[in-house]
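S.K.: This one is data13.csv, CSV, C-alpha atoms.
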chain,number,residue,atom,x,y,z
Y,1390,MET,CA,92.4,14.3,-120.0
Y,1391,LEU,CA,89.3,12.6,-118.8
Y,1392,LYS,CA,87.5,10.3,-121.2
Y,1393,VAL,CA,84.8,7.6,-121.2
Y,1394,GLN,CA,86.1,4.2,-122.4
Y,1395,THR,CA,83.6,2.6,-124.8
Y,1396,VAL,CA,83.8,-0.7,-126.6
Y,1397,ARG,CA,84.9,1.2,-129.7
Y,1398,GLY,CA,87.4,3.4,-128.0
Y,1399,PRO,CA,87.6,6.5,-125.7
Y,1400,VAL,CA,85.2,9.4,-126.2
Y,1401,ASP,CA,84.8,12.8,-124.5
Y,1402,PRO,CA,82.3,12.6,-121.7
Y,1403,GLY,CA,80.3,15.4,-123.3
Y,1404,GLN,CA,79.7,13.2,-126.4
Y,1405,LEU,CA,77.7,10.6,-124.5
Y,1406,GLY,CA,74.4,12.4,-124.5
Y,1407,TYR,CA,71.4,10.7,-122.8
Y,1408,THR,CA,72.7,7.6,-121.1
Y,1409,LEU,CA,71.2,4.5,-119.6
Y,1410,THR,CA,73.4,3.3,-116.8
Y,1411,HIS,CA,72.2,-0.3,-116.1
Y,1412,GLU,CA,71.2,-2.5,-119.0
Y,1413,HIS,CA,72.0,-5.9,-120.5
Y,1414,PHE,CA,72.3,-7.1,-124.1
Y,1415,SER,CA,73.0,-10.8,-123.4
Y,1416,LEU,CA,73.3,-12.9,-120.2
Y,1417,ASN,CA,72.8,-16.4,-118.8
Y,1418,PHE,CA,70.1,-16.3,-116.1
Y,1419,ASP,CA,69.2,-20.0,-116.0
Y,1420,LYS,CA,69.9,-20.2,-112.2
Y,1421,MET,CA,67.3,-17.6,-111.5
Y,1422,TYR,CA,64.4,-19.8,-112.7
Y,1423,ALA,CA,61.5,-19.7,-110.3
Y,1424,ALA,CA,58.6,-22.2,-110.7
Y,1425,PRO,CA,55.2,-20.6,-111.4
Y,1426,PRO,CA,51.9,-21.4,-109.7
Y,1427,ASP,CA,50.4,-24.6,-111.1
Y,1428,ALA,CA,47.4,-22.7,-112.5
Y,1429,VAL,CA,49.5,-20.7,-114.9
Y,1430,SER,CA,52.4,-23.1,-115.6
Y,1431,GLU,CA,51.1,-24.2,-119.0
Y,1432,TYR,CA,50.9,-20.6,-120.1
Y,1433,VAL,CA,54.6,-19.7,-119.3
Y,1434,SER,CA,56.2,-22.9,-120.5
Y,1435,LYS,CA,56.1,-21.9,-124.2
Y,1436,ARG,CA,57.5,-19.3,-126.5
Y,1437,ILE,CA,56.1,-15.8,-125.9
Y,1438,THR,CA,53.0,-15.0,-127.9
Y,1439,LEU,CA,50.1,-12.6,-127.7
Y,1440,GLU,CA,48.1,-15.3,-125.9
Y,1441,ASN,CA,50.6,-15.8,-123.0
Y,1442,VAL,CA,52.7,-12.6,-122.7
Y,1443,GLY,CA,50.4,-11.3,-120.0
Y,1444,TYR,CA,51.2,-14.4,-117.8
Y,1445,VAL,CA,54.9,-14.0,-118.6
Y,1446,ARG,CA,54.9,-10.4,-117.5
Y,1447,GLN,CA,53.6,-11.4,-114.1
Y,1448,TYR,CA,55.8,-14.5,-113.7
Y,1449,PRO,CA,58.9,-13.6,-115.9
Y,1450,TYR,CA,61.3,-16.0,-114.1
Y,1451,ALA,CA,58.9,-18.9,-114.5
Y,1452,SER,CA,59.5,-19.0,-118.3
Y,1453,ARG,CA,62.8,-20.7,-119.3
Y,1454,TYR,CA,62.4,-19.2,-122.8
Y,1455,ASN,CA,62.0,-15.8,-121.3
Y,1456,ILE,CA,65.1,-15.9,-119.1
Y,1457,ASN,CA,67.2,-17.3,-122.0
Y,1458,PHE,CA,68.7,-13.9,-122.8
Y,1459,GLU,CA,71.6,-15.1,-125.0
Y,1460,ASP,CA,70.0,-16.8,-128.0
Y,1461,PHE,CA,69.7,-15.5,-131.5
Y,1462,ASP,CA,66.1,-14.3,-130.9
Y,1463,THR,CA,67.3,-12.1,-128.1
Y,1464,HIS,CA,70.3,-10.7,-129.9
Y,1465,GLU,CA,68.2,-9.7,-132.9
Y,1466,ALA,CA,65.5,-8.1,-130.7
Y,1467,VAL,CA,68.2,-6.2,-128.6
Y,1468,THR,CA,69.8,-4.8,-131.7
Y,1469,LYS,CA,66.4,-3.6,-133.0
Y,1470,ASP,CA,65.6,-1.9,-129.8
Y,1471,VAL,CA,69.0,-0.2,-129.4
Y,1472,VAL,CA,68.5,1.2,-133.0
Y,1473,ALA,CA,65.2,2.5,-131.9
Y,1474,TYR,CA,66.7,4.0,-128.7
Y,1475,ARG,CA,69.1,6.0,-130.9
Y,1476,ARG,CA,66.3,7.2,-133.1
Y,1477,PHE,CA,64.4,8.4,-130.0
Y,1478,GLY,CA,67.4,10.4,-128.7
Y,1479,GLY,CA,69.5,7.9,-126.8
Y,1480,GLY,CA,73.3,8.4,-126.9
Y,1481,ALA,CA,74.9,5.7,-124.7
Y,1482,ILE,CA,74.2,2.5,-122.8
Y,1483,VAL,CA,76.2,1.0,-119.9
Y,1484,GLU,CA,76.1,-2.8,-120.3
Y,1485,ASN,CA,76.4,-4.3,-116.9
Y,1486,THR,CA,76.9,-8.0,-117.7
Y,1487,SER,CA,79.9,-9.1,-115.7
Y,1488,HIS,CA,81.8,-12.3,-115.1
Y,1489,GLY,CA,79.4,-15.1,-114.1
Y,1490,LEU,CA,76.6,-13.8,-116.3
Y,1491,GLY,CA,78.0,-14.8,-119.7
Y,1492,ARG,CA,79.3,-11.4,-120.9
Y,1493,ASN,CA,79.3,-11.0,-124.7
Y,1494,LEU,CA,81.7,-8.3,-125.7
Y,1495,LYS,CA,81.4,-9.1,-129.4
Y,1496,LEU,CA,77.7,-8.4,-129.3
Y,1497,MET,CA,78.3,-5.1,-127.5
Y,1498,TYR,CA,80.7,-4.1,-130.2
Y,1499,ASP,CA,78.3,-5.1,-133.0
Y,1500,VAL,CA,75.3,-3.4,-131.5
Y,1501,SER,CA,77.3,-0.2,-130.9
Y,1502,ARG,CA,78.3,-0.1,-134.6
Y,1503,GLU,CA,74.9,-1.0,-135.9
Y,1504,ALA,CA,73.0,1.5,-133.8
Y,1505,ASN,CA,75.7,4.2,-133.6
Y,1506,VAL,CA,75.3,4.2,-129.8
Y,1507,HIS,CA,78.2,4.5,-127.3
Y,1508,VAL,CA,78.3,1.2,-125.3
Y,1509,ILE,CA,80.4,0.9,-122.2
Y,1510,ALA,CA,81.4,-2.7,-121.0
Y,1511,GLY,CA,82.1,-3.7,-117.5
Y,1512,THR,CA,84.5,-6.0,-115.7
Y,1513,GLY,CA,83.9,-7.5,-112.2
Y,1514,HIS,CA,82.0,-10.5,-110.9
Y,1515,TYR,CA,78.3,-11.1,-110.3
Y,1516,ILE,CA,77.0,-13.0,-107.2
Y,1517,HIS,CA,78.6,-16.0,-105.6
Y,1518,ALA,CA,75.8,-18.4,-106.9
Y,1519,MET,CA,76.7,-17.7,-110.5
Y,1520,GLN,CA,80.4,-18.4,-110.2
Y,1521,SER,CA,82.4,-21.6,-110.6
Y,1522,PRO,CA,84.4,-23.2,-107.8
Y,1523,GLU,CA,87.6,-22.0,-109.6
Y,1524,THR,CA,86.4,-18.4,-109.4
Y,1525,HIS,CA,85.4,-18.8,-105.8
Y,1526,ALA,CA,89.0,-19.7,-105.1
Y,1527,MET,CA,90.4,-16.5,-106.6
Y,1528,SER,CA,92.3,-14.3,-104.2
Y,1529,VAL,CA,91.8,-10.5,-103.9
Y,1530,GLU,CA,95.1,-10.1,-105.8
Y,1531,GLN,CA,94.0,-12.3,-108.6
Y,1532,LEU,CA,90.7,-10.4,-108.9
Y,1533,THR,CA,92.5,-7.0,-108.9
Y,1534,ASP,CA,94.9,-8.2,-111.6
Y,1535,LEU,CA,91.9,-9.3,-113.8
Y,1536,TYR,CA,90.0,-6.1,-113.4
Y,1537,THR,CA,93.1,-3.9,-114.0
Y,1538,LYS,CA,94.0,-5.8,-117.2
Y,1539,GLU,CA,90.5,-5.6,-118.6
Y,1540,LEU,CA,90.3,-1.8,-117.9
Y,1541,LEU,CA,93.8,-0.8,-119.0
Y,1542,PHE,CA,94.6,-3.3,-121.8
Y,1543,GLY,CA,91.3,-4.8,-122.8
Y,1544,VAL,CA,90.1,-8.3,-123.9
Y,1545,GLU,CA,91.0,-9.9,-127.3
Y,1546,VAL,CA,87.7,-10.6,-129.1
Y,1547,ASP,CA,87.4,-12.6,-132.4
Y,1548,GLY,CA,86.2,-10.4,-135.2
Y,1549,VAL,CA,87.1,-7.1,-133.4
Y,1550,PRO,CA,90.3,-5.3,-134.7
Y,1551,GLU,CA,91.5,-4.1,-131.3
Y,1552,PRO,CA,91.1,-5.4,-127.7
Y,1553,ILE,CA,87.9,-4.2,-126.1
Y,1554,ARG,CA,88.6,-2.2,-123.0
Y,1555,CYS,CA,86.1,-2.1,-120.2
Y,1556,GLY,CA,85.0,1.3,-119.0
Y,1557,PHE,CA,83.9,0.5,-115.4
Y,1558,ILE,CA,83.7,-2.3,-112.9
Y,1559,GLY,CA,80.2,-3.8,-112.6
Y,1560,GLU,CA,77.9,-5.0,-112.0
Y,1561,VAL,CA,79.6,-6.4,-108.9
Y,1562,GLY,CA,77.0,-8.6,-107.3
Y,1563,SER,CA,76.4,-9.9,-103.8
Y,1564,GLY,CA,73.5,-11.6,-102.0
Y,1565,TRP,CA,72.5,-11.5,-98.4
Y,1566,PRO,CA,74.4,-12.3,-96.2
Y,1567,ILE,CA,77.5,-11.4,-98.3
Y,1568,THR,CA,79.7,-14.4,-98.9
Y,1569,PRO,CA,83.6,-14.4,-98.5
Y,1570,PHE,CA,84.0,-14.4,-102.3
Y,1571,GLU,CA,81.7,-11.5,-102.7
Y,1572,ARG,CA,83.6,-9.6,-100.0
Y,1573,ASN,CA,86.8,-10.3,-101.9
Y,1574,ALA,CA,85.2,-9.0,-105.1
Y,1575,ILE,CA,84.1,-5.8,-103.3
Y,1576,GLN,CA,87.6,-5.3,-101.9
Y,1577,ALA,CA,89.2,-5.9,-105.3
Y,1578,THR,CA,86.8,-3.4,-106.9
Y,1579,ALA,CA,87.7,-0.7,-104.3
Y,1580,GLU,CA,91.4,-1.3,-104.7
Y,1581,VAL,CA,91.3,-1.0,-108.5
Y,1582,GLN,CA,89.0,2.0,-108.4
Y,1583,ALA,CA,91.3,3.8,-106.0
Y,1584,VAL,CA,94.3,3.4,-108.4
Y,1585,ILE,CA,92.6,3.8,-111.8
Y,1586,GLY,CA,89.8,6.2,-110.9
Y,1587,CYS,CA,87.1,4.3,-112.8
Y,1588,GLY,CA,83.4,4.1,-112.0
Y,1589,VAL,CA,82.0,1.1,-110.2
Y,1590,SER,CA,78.5,-0.4,-109.9
Y,1591,PHE,CA,77.1,-2.7,-107.2
Y,1592,HIS,CA,74.2,-5.1,-107.2
Y,1593,PRO,CA,73.0,-5.5,-103.5
Y,1594,GLY,CA,71.1,-8.4,-102.0
Y,1595,ARG,CA,67.4,-8.0,-101.5
Y,1596,GLU,CA,67.6,-6.7,-97.9
Y,1597,ARG,CA,67.5,-3.2,-96.4
Y,1598,ASP,CA,71.0,-3.5,-94.9
Y,1599,ALA,CA,72.7,-4.8,-98.0
Y,1600,PRO,CA,73.5,-1.4,-99.8
Y,1601,PHE,CA,74.8,0.0,-96.5
Y,1602,GLU,CA,77.1,-3.0,-95.9
Y,1603,ILE,CA,78.5,-3.0,-99.4
Y,1604,VAL,CA,79.4,0.7,-99.2
Y,1605,ARG,CA,81.0,0.2,-95.8
Y,1606,LEU,CA,83.2,-2.6,-97.2
Y,1607,TYR,CA,84.0,-0.6,-100.3
Y,1608,LEU,CA,85.0,2.6,-98.5
Y,1609,GLU,CA,87.1,0.7,-95.9
Y,1610,ALA,CA,89.0,-0.8,-98.8
Y,1611,GLY,CA,89.8,2.6,-100.3
Y,1612,GLY,CA,87.1,3.1,-102.9
Y,1613,SER,CA,85.7,6.5,-103.7
Y,1614,ALA,CA,82.0,7.1,-102.9
Y,1615,GLU,CA,81.8,9.7,-105.7
Y,1616,LYS,CA,82.6,7.0,-108.3
Y,1617,CYS,CA,80.2,4.4,-106.9
Y,1618,VAL,CA,76.7,3.4,-108.1
Y,1619,MET,CA,74.3,1.4,-105.9
Y,1620,SER,CA,71.9,-0.4,-108.3
Y,1621,HIS,CA,68.4,-1.6,-107.7
Y,1622,LEU,CA,67.4,0.8,-104.9
Y,1623,ASP,CA,63.9,0.7,-106.2
Y,1624,ARG,CA,63.5,-3.0,-105.0
Y,1625,THR,CA,65.8,-2.7,-101.9
Y,1626,LEU,CA,65.1,0.6,-100.0
Y,1627,PHE,CA,61.4,1.3,-99.7
Y,1628,ALA,CA,61.2,3.9,-96.9
Y,1629,GLU,CA,62.0,7.5,-97.8
Y,1630,GLU,CA,64.1,7.9,-94.6
Y,1631,ASP,CA,66.2,4.9,-95.6
Y,1632,LEU,CA,66.8,6.4,-99.0
Y,1633,CYS,CA,67.8,9.7,-97.5
Y,1634,GLU,CA,70.1,8.0,-95.0
Y,1635,PHE,CA,71.8,6.1,-97.8
Y,1636,ALA,CA,72.1,9.2,-100.0
Y,1637,LYS,CA,74.2,10.8,-97.3
Y,1638,LEU,CA,76.9,8.2,-98.0
Y,1639,GLY,CA,77.7,10.1,-101.2
Y,1640,THR,CA,77.3,7.3,-103.8
Y,1641,TYR,CA,75.0,7.5,-106.9
Y,1642,CYS,CA,71.5,6.3,-106.1
Y,1643,GLN,CA,70.3,4.3,-109.0
Y,1644,PHE,CA,66.6,3.5,-109.8
Y,1645,ASP,CA,67.0,1.0,-112.7
Y,1646,LEU,CA,63.9,-1.1,-112.9
Y,1647,PHE,CA,61.7,1.4,-114.8
Y,1648,GLY,CA,59.2,-0.6,-116.9
Y,1649,THR,CA,59.1,-3.5,-114.5
Y,1650,GLU,CA,55.6,-3.5,-112.9
Y,1651,CYS,CA,54.1,-6.8,-111.6
Y,1652,SER,CA,51.7,-7.8,-108.9
Y,1653,TYR,CA,54.0,-10.5,-107.4
Y,1654,TYR,CA,57.8,-10.2,-107.2
Y,1655,GLN,CA,59.1,-13.7,-107.7
Y,1656,LEU,CA,62.6,-13.0,-106.6
Y,1657,ASN,CA,61.5,-11.6,-103.2
Y,1658,PRO,CA,57.8,-12.6,-102.5
Y,1659,GLU,CA,57.9,-11.1,-99.0
Y,1660,LEU,CA,58.2,-7.6,-100.5
Y,1661,TYR,CA,56.8,-6.0,-103.7
Y,1662,MET,CA,57.9,-4.5,-107.0
Y,1663,GLN,CA,57.4,-0.7,-107.0
Y,1664,SER,CA,55.6,0.9,-110.0
Y,1665,ASP,CA,57.1,3.6,-112.2
Y,1666,GLU,CA,55.0,6.2,-110.4
Y,1667,GLN,CA,56.5,5.1,-107.0
Y,1668,ARG,CA,60.0,5.3,-108.5
Y,1669,LEU,CA,59.3,8.8,-109.7
Y,1670,GLN,CA,58.1,9.9,-106.3
Y,1671,LYS,CA,61.2,8.5,-104.7
Y,1672,ILE,CA,63.5,10.3,-107.2
Y,1673,ILE,CA,61.6,13.6,-106.8
Y,1674,GLY,CA,61.9,13.2,-103.0
Y,1675,LEU,CA,65.7,12.9,-103.3
Y,1676,VAL,CA,65.8,15.9,-105.7
Y,1677,ARG,CA,64.0,18.0,-103.2
Y,1678,GLU,CA,66.4,16.9,-100.5
Y,1679,GLY,CA,69.3,18.2,-102.6
Y,1680,TYR,CA,70.6,15.0,-104.1
Y,1681,THR,CA,70.0,15.7,-107.8
Y,1682,GLU,CA,73.6,15.1,-108.7
Y,1683,ARG,CA,73.6,11.7,-107.2
Y,1684,ILE,CA,70.7,10.1,-109.0
Y,1685,LEU,CA,70.7,7.7,-112.0
Y,1686,MET,CA,67.9,6.0,-114.0
Y,1687,SER,CA,67.7,2.8,-116.2
Y,1688,HIS,CA,65.6,-0.3,-117.0
Y,1689,ASP,CA,67.9,-3.3,-116.2
Y,1690,ILE,CA,66.5,-5.2,-119.2
Y,1691,HIS,CA,67.5,-8.8,-118.9
Y,1692,THR,CA,64.6,-10.9,-120.0
Y,1693,LYS,CA,62.9,-11.2,-123.4
Y,1694,HIS,CA,59.5,-10.0,-122.4
Y,1695,ARG,CA,60.8,-6.5,-121.9
Y,1696,LEU,CA,62.0,-6.2,-125.5
Y,1697,THR,CA,59.5,-4.8,-128.0
Y,1698,SER,CA,59.8,-7.9,-130.2
Y,1699,PHE,CA,58.2,-9.8,-127.3
Y,1700,GLY,CA,55.6,-7.3,-126.3
Y,1701,GLY,CA,57.8,-5.2,-124.0
Y,1702,HIS,CA,58.9,-1.5,-123.7
Y,1703,GLY,CA,62.5,-1.7,-125.0
Y,1704,TYR,CA,65.4,0.6,-124.1
Y,1705,SER,CA,63.4,3.7,-125.0
Y,1706,HIS,CA,60.8,3.5,-122.3
Y,1707,ILE,CA,62.2,6.1,-120.0
Y,1708,LEU,CA,62.8,8.5,-122.9
Y,1709,ASN,CA,59.3,8.0,-124.4
Y,1710,ASN,CA,57.1,7.4,-121.3
Y,1711,VAL,CA,58.7,8.6,-118.1
Y,1712,LEU,CA,60.8,11.8,-118.5
Y,1713,MET,CA,57.9,14.1,-119.4
Y,1714,ARG,CA,56.2,13.1,-116.2
Y,1715,PHE,CA,58.9,15.0,-114.3
Y,1716,THR,CA,57.8,18.3,-115.8
Y,1717,VAL,CA,54.2,17.6,-114.9
Y,1718,ARG,CA,55.4,17.4,-111.2
Y,1719,GLY,CA,57.3,20.7,-111.4
Y,1720,ILE,CA,60.8,19.3,-112.1
Y,1721,ASP,CA,62.6,21.5,-114.6
Y,1722,ILE,CA,64.4,20.2,-117.7
Y,1723,LYS,CA,67.8,21.2,-116.3
Y,1724,THR,CA,67.3,18.7,-113.4
Y,1725,VAL,CA,66.2,16.0,-115.8
Y,1726,ASP,CA,69.3,16.6,-118.0
Y,1727,THR,CA,71.5,16.4,-114.9
Y,1728,ILE,CA,70.1,13.0,-113.9
Y,1729,THR,CA,70.2,11.5,-117.4
Y,1730,ILE,CA,73.2,13.2,-119.1
Y,1731,SER,CA,75.6,14.9,-116.7
Y,1732,ASN,CA,75.5,12.4,-113.9
Y,1733,PRO,CA,76.3,9.3,-116.1
Y,1734,ALA,CA,79.1,11.2,-117.8
Y,1735,ARG,CA,80.7,12.3,-114.6
Y,1736,TRP,CA,80.5,8.8,-113.1
Y,1737,LEU,CA,82.1,7.2,-116.2
Y,1738,GLU,CA,84.9,9.6,-116.9
Y,1739,MET,CA,88.4,8.6,-116.0
Y,1740,LYS,CA,92.0,9.0,-117.3
Y,1741,VAL,CA,92.4,6.6,-120.2
Could you render the structure from this file as structure tokens?
M.R.:
Amino acid sequence: MLKVQTVRGPVDPGQLGYTLTHEHFSLNFDKMYAAPPDAVSEYVSKRITLENVGYVRQYPYASRYNINFEDFDTHEAVTKDVVAYRRFGGGAIVENTSHGLGRNLKLMYDVSREANVHVIAGTGHYIHAMQSPETHAMSVEQLTDLYTKELLFGVEVDGVPEPIRCGFIGEVGSGWPITPFERNAIQATAEVQAVIGCGVSFHPGRERDAPFEIVRLYLEAGGSAEKCVMSHLDRTLFAEEDLCEFAKLGTYCQFDLFGTECSYYQLNPELYMQSDEQRLQKIIGLVREGYTERILMSHDIHTKHRLTSFGGHGYSHILNNVLMRFTVRGIDIKTVDTITISNPARWLEMKV
């Protein structure tokens, strides 16, 4: 029987309800610090207040306080926003913090209990730059052993009565060009997926060719396209023809930066950060091309300023501010439910 493995045990896929497929509750993002322009440096060097939150929104990675997403302030704010997410109709959240990002399984368990929301934890490794030399030296066999153990047997966590089992592999990160370690992680992900049948989620480098190369490596190693999510397409593939070409590969196309709107994209200054309206238009384009069953949506919250306690939108933004805009554009509720309920459940289900 197919189930979805959550941090509090397996559940029927139909019990998930509305699901966010790419979020974070806690992570260490110190290495992503990006210096601000001199003119605004004094405004982003402090705690977030009404006086400076506007600057932080435009230069989120220039504030060390903002990218510290693993302190008590963050955890308290995350719990509050997940409780609100449940109240607004949310049912499940896929937490994508993998090895190298400071995964906090205890927090996932606690938030799940407090908010009565299904939380799915991931195994896998993030990008090369976030790993230790010891991790870089791991073989494909060692990586597959780790992922298999965390999926099938779980991880012992202090204060939790049973080992917490992961429910997917992700986010599996790579930069551009893809490093040997990242290739090994992709290969290990594919090999484990082929045996266990779990879902997987990839973080591509900020380059048009990156998603295509990841899928090539993954498929060649035996992974299933139908269980694969490609994250962050809304900051990676900008041309509609590129999106349609990628969709033909059969993976899930994930638009997971809803709520992120800024004039200057610090992590890739040569390009730009799309607006929510542009994301909607790209999704609607894929729907009209027949790819409704391969689309996912989320926020990828990983900095303080996107939580409501710090002036942000929280995990309920898509529910409260985005979904109704589909109907205005002629997209029926059945299509919306497919994208936000049926697709996540089908991706996450496996034999457990």
S.K.: Could you tell me which of Y:Val1396, Y:Val1589, Y:Ile1722, Y:Leu1638 comes closest to Y:Pro1550 if we count only C-alpha atoms?
M.R.: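 Of the candidates, the smallest distance to Y:Pro1550 is held by Y:Val1396.
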S.K.: Can you tell me, as a PyMOL selection string, what residues are no more than 10 Å from Y:Leu1439 when counting all atoms listed in the file, ignoring any on the same chain fewer than 4 positions away?
M.R.: chain Y and resi 1443+1699-1700
S.K.: Distance atom CA of Y:Ser1613-atom CA of Y:Gly1594, one decimal place?
M.R.: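 Separation of atom CA of Y:Ser1613 and atom CA of Y:Gly1594: 20.9 Å.
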S.K.: Name the residues in contact with Y:Phe1715 at a cut-off of 10 Å, using only C-alpha atoms, excluding same-chain residues fewer than 2 positions from it; report them as a list in words.
M.R.: Leu1669, Gln1670, Ile1672, Ile1673, Val1711, Leu1712, Met1713, Val1717, Arg1718, Gly1719, Ile1720, Asp1721, Ile1722, Thr1724 and Val1725 of chain Y
S.K.: To one decimal place in Å, what is the distance between atom CA of Y:Thr1468 and atom CA of Y:Tyr1704?
M.R.: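 Interatomic distance, atom CA of Y:Thr1468 to atom CA of Y:Tyr1704: 10.3 Å.
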